[in-house]
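Chemist: Input structure: data11.txt, which contains compact mmCIF, N, CA and C atoms.
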# COMPACT_ATOMS: atom_id res chain seq x y z
N MET A 1 0.85 -1.18 0.00
CA MET A 1 0.00 0.00 0.00
C MET A 1 0.89 1.24 0.00
N ASP A 2 0.59 2.18 -0.85
CA ASP A 2 1.32 3.45 -0.84
C ASP A 2 0.32 4.58 -0.62
N ALA A 3 0.80 5.79 -0.66
CA ALA A 3 -0.05 6.95 -0.39
C ALA A 3 -1.21 7.03 -1.37
N ARG A 4 -0.99 6.61 -2.61
CA ARG A 4 -2.08 6.66 -3.59
C ARG A 4 -3.23 5.75 -3.16
N ASP A 5 -2.91 4.56 -2.67
CA ASP A 5 -3.96 3.67 -2.19
C ASP A 5 -4.63 4.26 -0.96
N TYR A 6 -3.83 4.78 -0.05
CA TYR A 6 -4.36 5.30 1.21
C TYR A 6 -5.32 6.45 0.98
N PHE A 7 -4.97 7.35 0.08
CA PHE A 7 -5.82 8.52 -0.13
C PHE A 7 -6.90 8.30 -1.19
N GLY A 8 -7.06 7.09 -1.68
CA GLY A 8 -8.22 6.76 -2.48
C GLY A 8 -8.06 6.92 -3.98
N TYR A 9 -6.84 7.00 -4.52
CA TYR A 9 -6.69 7.02 -5.97
C TYR A 9 -5.60 6.05 -6.37
N LYS A 10 -5.82 5.39 -7.48
CA LYS A 10 -4.96 4.28 -7.86
C LYS A 10 -4.01 4.63 -9.01
N ASN A 11 -4.45 5.49 -9.91
CA ASN A 11 -3.64 5.79 -11.08
C ASN A 11 -2.97 7.15 -10.93
N PRO A 12 -1.73 7.28 -11.42
CA PRO A 12 -1.03 8.55 -11.29
C PRO A 12 -1.77 9.73 -11.91
N ASP A 13 -2.62 9.46 -12.93
CA ASP A 13 -3.30 10.57 -13.59
C ASP A 13 -4.61 10.96 -12.90
N GLU A 14 -5.01 10.23 -11.86
CA GLU A 14 -6.22 10.59 -11.14
C GLU A 14 -5.93 11.77 -10.22
N GLU A 15 -6.93 12.59 -10.02
CA GLU A 15 -6.77 13.74 -9.14
C GLU A 15 -6.84 13.26 -7.68
N PRO A 16 -5.91 13.70 -6.84
CA PRO A 16 -5.93 13.27 -5.44
C PRO A 16 -7.26 13.61 -4.77
N GLY A 17 -7.76 12.66 -3.99
CA GLY A 17 -8.97 12.89 -3.22
C GLY A 17 -10.26 12.53 -3.92
N ARG A 18 -10.21 12.24 -5.22
CA ARG A 18 -11.42 11.85 -5.94
C ARG A 18 -11.67 10.36 -5.72
N PRO A 19 -12.89 9.99 -5.41
CA PRO A 19 -13.17 8.56 -5.17
C PRO A 19 -13.02 7.74 -6.44
N ASP A 20 -12.69 6.50 -6.26
CA ASP A 20 -12.59 5.56 -7.37
C ASP A 20 -14.00 5.26 -7.85
N PRO A 21 -14.30 5.46 -9.15
CA PRO A 21 -15.66 5.20 -9.66
C PRO A 21 -16.12 3.77 -9.41
N ALA A 22 -15.19 2.83 -9.32
CA ALA A 22 -15.56 1.43 -9.10
C ALA A 22 -15.96 1.18 -7.65
N ASP A 23 -15.67 2.10 -6.76
CA ASP A 23 -15.99 1.95 -5.35
C ASP A 23 -17.43 2.40 -5.12
N ASP A 24 -18.19 1.59 -4.37
CA ASP A 24 -19.59 1.96 -4.13
C ASP A 24 -19.73 3.03 -3.05
N GLY A 25 -18.65 3.36 -2.36
CA GLY A 25 -18.67 4.43 -1.38
C GLY A 25 -19.32 4.05 -0.06
N GLU A 26 -19.67 2.78 0.12
CA GLU A 26 -20.37 2.37 1.33
C GLU A 26 -19.41 2.02 2.47
N GLY A 27 -18.16 1.77 2.18
CA GLY A 27 -17.21 1.35 3.20
C GLY A 27 -16.76 2.50 4.09
N THR A 28 -16.12 2.16 5.17
CA THR A 28 -15.54 3.18 6.05
C THR A 28 -14.04 3.19 5.81
N GLY A 29 -13.66 3.56 4.62
CA GLY A 29 -12.26 3.57 4.23
C GLY A 29 -11.52 4.77 4.78
N PRO A 30 -10.33 4.94 4.34
CA PRO A 30 -9.54 6.08 4.80
C PRO A 30 -10.15 7.39 4.32
N PRO A 31 -9.78 8.48 4.95
CA PRO A 31 -10.35 9.77 4.55
C PRO A 31 -9.87 10.18 3.17
N THR A 32 -10.62 11.06 2.54
CA THR A 32 -10.17 11.61 1.27
C THR A 32 -8.98 12.51 1.52
N PHE A 33 -8.31 12.89 0.46
CA PHE A 33 -7.13 13.75 0.60
C PHE A 33 -7.51 15.05 1.30
N GLU A 34 -8.64 15.64 0.91
CA GLU A 34 -9.07 16.90 1.51
C GLU A 34 -9.31 16.74 3.01
N GLU A 35 -9.94 15.63 3.41
CA GLU A 35 -10.18 15.39 4.83
C GLU A 35 -8.87 15.18 5.58
N ALA A 36 -7.97 14.46 4.96
CA ALA A 36 -6.72 14.10 5.63
C ALA A 36 -5.87 15.31 5.94
N VAL A 37 -5.94 16.33 5.13
CA VAL A 37 -5.09 17.50 5.36
C VAL A 37 -5.85 18.64 6.04
N THR A 38 -7.09 18.39 6.47
CA THR A 38 -7.85 19.40 7.20
C THR A 38 -7.52 19.27 8.68
N LEU A 39 -6.63 20.13 9.16
CA LEU A 39 -6.15 20.02 10.53
C LEU A 39 -7.19 20.46 11.55
N ASP A 40 -8.26 21.13 11.11
CA ASP A 40 -9.29 21.59 12.02
C ASP A 40 -10.36 20.54 12.28
N ASN A 41 -10.29 19.40 11.62
CA ASN A 41 -11.30 18.37 11.76
C ASN A 41 -10.75 17.25 12.66
N ALA A 42 -11.16 17.27 13.93
CA ALA A 42 -10.64 16.30 14.90
C ALA A 42 -10.95 14.86 14.51
N ALA A 43 -12.13 14.61 13.95
CA ALA A 43 -12.50 13.25 13.57
C ALA A 43 -11.58 12.74 12.47
N SER A 44 -11.26 13.57 11.49
CA SER A 44 -10.34 13.17 10.42
C SER A 44 -8.96 12.88 10.98
N LEU A 45 -8.52 13.72 11.89
CA LEU A 45 -7.20 13.51 12.50
C LEU A 45 -7.16 12.18 13.24
N ARG A 46 -8.21 11.85 13.97
CA ARG A 46 -8.23 10.58 14.70
C ARG A 46 -8.20 9.39 13.75
N ARG A 47 -8.86 9.51 12.59
CA ARG A 47 -8.87 8.41 11.63
C ARG A 47 -7.49 8.18 11.03
N ILE A 48 -6.74 9.24 10.78
CA ILE A 48 -5.43 9.05 10.15
C ILE A 48 -4.31 8.97 11.18
N ASP A 49 -4.65 9.06 12.47
CA ASP A 49 -3.67 9.01 13.55
C ASP A 49 -4.12 7.99 14.60
N PRO A 50 -4.21 6.70 14.21
CA PRO A 50 -4.75 5.70 15.14
C PRO A 50 -3.88 5.49 16.38
N ASP A 51 -2.61 5.81 16.32
CA ASP A 51 -1.73 5.65 17.48
C ASP A 51 -1.63 6.92 18.31
N ASP A 52 -2.44 7.94 17.98
CA ASP A 52 -2.51 9.21 18.71
C ASP A 52 -1.15 9.90 18.83
N MET A 53 -0.43 9.98 17.74
CA MET A 53 0.86 10.68 17.75
C MET A 53 0.67 12.16 18.05
N LEU A 54 -0.42 12.75 17.56
CA LEU A 54 -0.69 14.16 17.85
C LEU A 54 -0.88 14.37 19.35
N GLY A 55 -1.56 13.44 20.01
CA GLY A 55 -1.73 13.51 21.46
C GLY A 55 -0.40 13.38 22.18
N ARG A 56 0.46 12.52 21.66
CA ARG A 56 1.79 12.36 22.27
C ARG A 56 2.62 13.63 22.13
N VAL A 57 2.51 14.27 20.98
CA VAL A 57 3.22 15.54 20.78
C VAL A 57 2.67 16.60 21.74
N ALA A 58 1.36 16.60 21.93
CA ALA A 58 0.74 17.57 22.84
C ALA A 58 1.20 17.36 24.28
N GLU A 59 1.60 16.14 24.63
CA GLU A 59 2.08 15.84 25.98
C GLU A 59 3.53 16.28 26.20
N LEU A 60 4.24 16.65 25.14
CA LEU A 60 5.66 16.97 25.25
C LEU A 60 5.96 18.06 26.28
N PRO A 61 5.23 19.17 26.32
CA PRO A 61 5.55 20.19 27.34
C PRO A 61 5.47 19.66 28.77
N ARG A 62 4.47 18.83 29.06
CA ARG A 62 4.35 18.25 30.39
C ARG A 62 5.53 17.32 30.68
N GLN A 63 5.91 16.51 29.69
CA GLN A 63 7.03 15.60 29.87
C GLN A 63 8.34 16.36 30.08
N LEU A 64 8.52 17.45 29.34
CA LEU A 64 9.73 18.26 29.50
C LEU A 64 9.78 18.91 30.88
N ALA A 65 8.64 19.39 31.37
CA ALA A 65 8.60 19.99 32.70
C ALA A 65 8.93 18.95 33.77
N GLN A 66 8.42 17.74 33.60
CA GLN A 66 8.72 16.67 34.55
C GLN A 66 10.21 16.31 34.49
N ALA A 67 10.76 16.23 33.29
CA ALA A 67 12.19 15.92 33.14
C ALA A 67 13.05 16.99 33.80
N ARG A 68 12.62 18.24 33.69
CA ARG A 68 13.38 19.33 34.32
C ARG A 68 13.36 19.20 35.84
N ARG A 69 12.19 18.85 36.40
CA ARG A 69 12.10 18.66 37.85
C ARG A 69 12.99 17.51 38.31
N VAL A 70 12.97 16.41 37.56
CA VAL A 70 13.80 15.25 37.91
C VAL A 70 15.28 15.63 37.83
N ALA A 71 15.67 16.31 36.76
CA ALA A 71 17.08 16.69 36.59
C ALA A 71 17.53 17.65 37.68
N ALA A 72 16.65 18.56 38.09
CA ALA A 72 17.01 19.53 39.14
C ALA A 72 17.24 18.84 40.48
N ALA A 73 16.62 17.69 40.68
CA ALA A 73 16.76 16.97 41.95
C ALA A 73 18.01 16.09 41.98
N VAL A 74 18.68 15.93 40.86
CA VAL A 74 19.87 15.07 40.81
C VAL A 74 21.06 15.80 41.43
N SER A 75 21.76 15.09 42.30
CA SER A 75 22.96 15.63 42.91
C SER A 75 24.16 14.91 42.30
N LEU A 76 24.98 15.65 41.57
CA LEU A 76 26.14 15.05 40.91
C LEU A 76 27.30 14.88 41.86
N ASP A 77 28.02 13.80 41.68
CA ASP A 77 29.26 13.57 42.41
C ASP A 77 30.26 14.64 42.00
N GLU A 78 31.13 15.02 42.88
CA GLU A 78 32.12 16.08 42.64
C GLU A 78 32.90 15.87 41.34
N ARG A 79 33.24 14.63 41.04
CA ARG A 79 34.05 14.37 39.83
C ARG A 79 33.29 14.63 38.54
N HIS A 80 31.97 14.74 38.60
CA HIS A 80 31.16 14.99 37.41
C HIS A 80 30.84 16.47 37.20
N THR A 81 31.29 17.33 38.09
CA THR A 81 30.96 18.75 37.97
C THR A 81 32.00 19.55 37.21
N ASP A 82 33.18 18.98 37.00
CA ASP A 82 34.25 19.69 36.30
C ASP A 82 34.73 18.84 35.13
N VAL A 83 34.07 19.01 33.97
CA VAL A 83 34.40 18.22 32.79
C VAL A 83 34.70 19.14 31.61
N ASP A 84 35.34 18.57 30.59
CA ASP A 84 35.68 19.34 29.39
C ASP A 84 34.63 19.20 28.29
N ALA A 85 33.85 18.13 28.34
CA ALA A 85 32.81 17.90 27.33
C ALA A 85 31.83 16.86 27.85
N ILE A 86 30.64 16.87 27.28
CA ILE A 86 29.63 15.85 27.57
C ILE A 86 29.42 15.07 26.28
N VAL A 87 29.56 13.75 26.35
CA VAL A 87 29.37 12.92 25.17
C VAL A 87 28.24 11.94 25.45
N VAL A 88 27.26 11.93 24.57
CA VAL A 88 26.16 10.98 24.66
C VAL A 88 26.36 9.97 23.55
N LEU A 89 26.45 8.70 23.92
CA LEU A 89 26.62 7.62 22.94
C LEU A 89 25.24 7.00 22.69
N ALA A 90 24.76 7.09 21.47
CA ALA A 90 23.43 6.57 21.16
C ALA A 90 23.33 6.26 19.68
N MET A 91 22.43 5.35 19.36
CA MET A 91 22.20 4.98 17.96
C MET A 91 20.73 5.19 17.62
N GLY A 92 20.47 5.58 16.39
CA GLY A 92 19.10 5.71 15.90
C GLY A 92 18.25 6.65 16.72
N GLY A 93 17.03 6.22 16.99
CA GLY A 93 16.08 7.04 17.73
C GLY A 93 16.48 7.29 19.17
N SER A 94 17.37 6.48 19.71
CA SER A 94 17.81 6.67 21.09
C SER A 94 18.56 7.98 21.28
N ALA A 95 19.06 8.55 20.22
CA ALA A 95 19.82 9.79 20.32
C ALA A 95 18.94 11.04 20.27
N ILE A 96 17.66 10.87 20.02
CA ILE A 96 16.78 12.03 19.84
C ILE A 96 16.74 12.91 21.09
N GLY A 97 16.66 12.30 22.26
CA GLY A 97 16.64 13.09 23.50
C GLY A 97 17.87 13.95 23.64
N ALA A 98 19.04 13.38 23.35
CA ALA A 98 20.28 14.14 23.43
C ALA A 98 20.32 15.24 22.38
N GLU A 99 19.81 14.96 21.18
CA GLU A 99 19.76 15.98 20.13
C GLU A 99 18.85 17.14 20.55
N LEU A 100 17.73 16.82 21.21
CA LEU A 100 16.83 17.87 21.70
C LEU A 100 17.53 18.74 22.75
N VAL A 101 18.24 18.10 23.68
CA VAL A 101 18.97 18.87 24.70
C VAL A 101 20.03 19.73 24.04
N ALA A 102 20.77 19.16 23.10
CA ALA A 102 21.82 19.93 22.42
C ALA A 102 21.23 21.13 21.69
N ALA A 103 20.09 20.94 21.04
CA ALA A 103 19.47 22.04 20.30
C ALA A 103 18.88 23.09 21.24
N ALA A 104 18.28 22.65 22.33
CA ALA A 104 17.60 23.58 23.24
C ALA A 104 18.55 24.28 24.20
N ALA A 105 19.58 23.58 24.66
CA ALA A 105 20.43 24.14 25.72
C ALA A 105 21.89 24.25 25.33
N GLY A 106 22.23 23.81 24.15
CA GLY A 106 23.64 23.77 23.75
C GLY A 106 24.38 25.08 23.91
N ASP A 107 23.74 26.20 23.59
CA ASP A 107 24.42 27.49 23.69
C ASP A 107 24.53 27.99 25.13
N ARG A 108 23.85 27.33 26.06
CA ARG A 108 23.93 27.74 27.47
C ARG A 108 24.81 26.82 28.31
N LEU A 109 25.29 25.75 27.72
CA LEU A 109 26.15 24.82 28.45
C LEU A 109 27.57 25.37 28.56
N ARG A 110 28.23 25.06 29.67
CA ARG A 110 29.62 25.51 29.86
C ARG A 110 30.59 24.73 28.98
N VAL A 111 30.20 23.53 28.59
CA VAL A 111 31.08 22.66 27.79
C VAL A 111 30.29 22.14 26.59
N PRO A 112 30.98 21.67 25.56
CA PRO A 112 30.27 21.13 24.40
C PRO A 112 29.50 19.85 24.74
N LEU A 113 28.35 19.69 24.09
CA LEU A 113 27.57 18.46 24.19
C LEU A 113 27.68 17.77 22.83
N ILE A 114 28.28 16.59 22.83
CA ILE A 114 28.52 15.85 21.59
C ILE A 114 27.61 14.63 21.58
N VAL A 115 26.82 14.48 20.53
CA VAL A 115 25.99 13.30 20.36
C VAL A 115 26.70 12.41 19.35
N HIS A 116 27.18 11.26 19.82
CA HIS A 116 27.96 10.35 18.97
C HIS A 116 27.06 9.21 18.53
N ARG A 117 26.72 9.18 17.24
CA ARG A 117 25.82 8.17 16.68
C ARG A 117 26.63 7.15 15.87
N ASP A 118 27.46 6.43 16.53
CA ASP A 118 28.28 5.44 15.84
C ASP A 118 28.73 4.40 16.85
N TYR A 119 29.30 3.32 16.34
CA TYR A 119 29.86 2.30 17.21
C TYR A 119 31.19 2.80 17.74
N GLY A 120 31.54 2.37 18.92
CA GLY A 120 32.82 2.76 19.50
C GLY A 120 32.76 4.15 20.10
N LEU A 121 33.90 4.60 20.56
CA LEU A 121 34.01 5.92 21.17
C LEU A 121 34.66 6.91 20.21
N PRO A 122 34.24 8.16 20.25
CA PRO A 122 34.90 9.15 19.40
C PRO A 122 36.29 9.48 19.95
N ALA A 123 37.13 9.98 19.09
CA ALA A 123 38.48 10.37 19.51
C ALA A 123 38.39 11.47 20.56
N GLY A 124 39.32 11.46 21.48
CA GLY A 124 39.39 12.52 22.48
C GLY A 124 38.61 12.25 23.75
N ILE A 125 37.97 11.10 23.85
CA ILE A 125 37.23 10.77 25.08
C ILE A 125 38.24 10.39 26.15
N GLY A 126 38.04 10.94 27.34
CA GLY A 126 38.95 10.62 28.43
C GLY A 126 38.31 10.80 29.78
N ASP A 127 39.14 10.93 30.80
CA ASP A 127 38.66 11.03 32.18
C ASP A 127 37.84 12.29 32.42
N ARG A 128 38.02 13.32 31.61
CA ARG A 128 37.30 14.58 31.83
C ARG A 128 36.13 14.76 30.85
N THR A 129 35.65 13.64 30.32
CA THR A 129 34.54 13.68 29.37
C THR A 129 33.37 12.92 29.95
Step by step, read the file and then write its structure as structure tokens.
Modeler:
Amino acid sequence: MDARDYFGYKNPDEEPGRPDPADDGEGTGPPTFEEAVTLDNAASLRRIDPDDMLGRVAELPRQLAQARRVAAAVSLDERHTDVDAIVVLAMGGSAIGAELVAAAAGDRLRVPLIVHRDYGLPAGIGDRT
């Protein structure tokens, strides 16, 4: 299945959103193209977002506030307060949190925040990293 099937047209020359003449229109199929891109229609959004990704995105501010409270309560050992760099080792989607921190707070950090998305350690890693 590709986007053409999902949005209800099968041939490249068909106009997006037009129903297939062979379809009797009685089924509860996917929304038309016009419905799918209407962001003001909550019912259409729910049909094309069965896993509620929009709801998860809406929860992000609450999750960030909670993460900030948790981080503020952490007491670092003395050896972790004087470093030359912060390196986060992560692959794929696991690195997204570190990328968000780097983008949001990178210019306010005292030291560089490096997100390393590869196997092994980057050059220059040591006792002060």
Chemist: What gap, in Å, lies between atom N of Met91 (chain A) and atom C of His116 (chain A)?
Modeler: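 Distance reported for this atom pair: 6.1 Å.
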Chemist: When you draw a straight line from atom N of Ile86 (chain A) to atom C of Leu64 (chain A), how long is it in Å?
Modeler: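 Calculated distance between atom N of Ile86 (chain A) and atom C of Leu64 (chain A) is 21.3 Å.
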Chemist: At a cut-off of 6.5 Å, using only N, CA and C atoms, what residues contact region 117-119 of chain A? Leave out same-chain residues fewer than 3 positions from it and give the result as a count of residues only.
Modeler: 5
Chemist: Please compute the atom N of Asp40 (chain A)-CA of Arg56 (chain A) distance, one decimal, in Å.
Modeler: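 A separation of 17.4 Å between them.
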Chemist: Show me, as a PDB file with N, CA and C atoms, keeping the file's coordinate frame, the residues that have an atom within 10 Å of Ala102 (chain A) when counting only C-alpha atoms, minus same-chain residues fewer than 6 positions from it.
Modeler:
ATOM      1  N   ILE A  96      17.660  10.870  20.020  1.00  0.00           N
ATOM      2  CA  ILE A  96      16.780  12.030  19.840  1.00  0.00           C
ATOM      3  C   ILE A  96      16.740  12.910  21.090  1.00  0.00           C
ATOM      4  N   ARG A 108      23.850  27.330  26.060  1.00  0.00           N
ATOM      5  CA  ARG A 108      23.930  27.740  27.470  1.00  0.00           C
ATOM      6  C   ARG A 108      24.810  26.820  28.310  1.00  0.00           C
ATOM      7  N   LEU A 109      25.290  25.750  27.720  1.00  0.00           N
ATOM      8  CA  LEU A 109      26.150  24.820  28.450  1.00  0.00           C
ATOM      9  C   LEU A 109      27.570  25.370  28.560  1.00  0.00           C
ATOM     10  N   PRO A 112      30.980  21.670  25.560  1.00  0.00           N
ATOM     11  CA  PRO A 112      30.270  21.130  24.400  1.00  0.00           C
ATOM     12  C   PRO A 112      29.500  19.850  24.740  1.00  0.00           C
ATOM     13  N   LEU A 113      28.350  19.690  24.090  1.00  0.00           N
ATOM     14  CA  LEU A 113      27.570  18.460  24.190  1.00  0.00           C
ATOM     15  C   LEU A 113      27.680  17.770  22.830  1.00  0.00           C
ATOM     16  N   ILE A 114      28.280  16.590  22.830  1.00  0.00           N
ATOM     17  CA  ILE A 114      28.520  15.850  21.590  1.00  0.00           C
ATOM     18  C   ILE A 114      27.610  14.630  21.580  1.00  0.00           C
ATOM     19  N   VAL A 115      26.820  14.480  20.530  1.00  0.00           N
ATOM     20  CA  VAL A 115      25.990  13.300  20.360  1.00  0.00           C
ATOM     21  C   VAL A 115      26.700  12.410  19.350  1.00  0.00           C
TER      22      VAL A 115
END
Chemist: For Ala67 (chain A), which residue among A:Gly97, A:Gly120, A:Gly55, A:Gly106 is the nearest when counting only C-alpha atoms?
Modeler: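 That would be A:Gly97, the residue with the smallest distance to Ala67 (chain A).
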Chemist: Name the closest residue to Val87 (chain A) among the candidates A:Thr129, A:Ala104, A:Ala73, A:Asp52; distances are taken between atoms, counting only N, CA and C atoms.
Modeler: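 Between A:Thr129, A:Ala104, A:Ala73, A:Asp52, the residue approaching Val87 (chain A) most closely is A:Thr129.
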Chemist: Neighbours of Asp127 (chain A) within 8 Å (only N, CA and C atoms; same-chain residues fewer than 5 positions away dropped), as a ChimeraX atom specification?
Modeler: /A:79,82-84
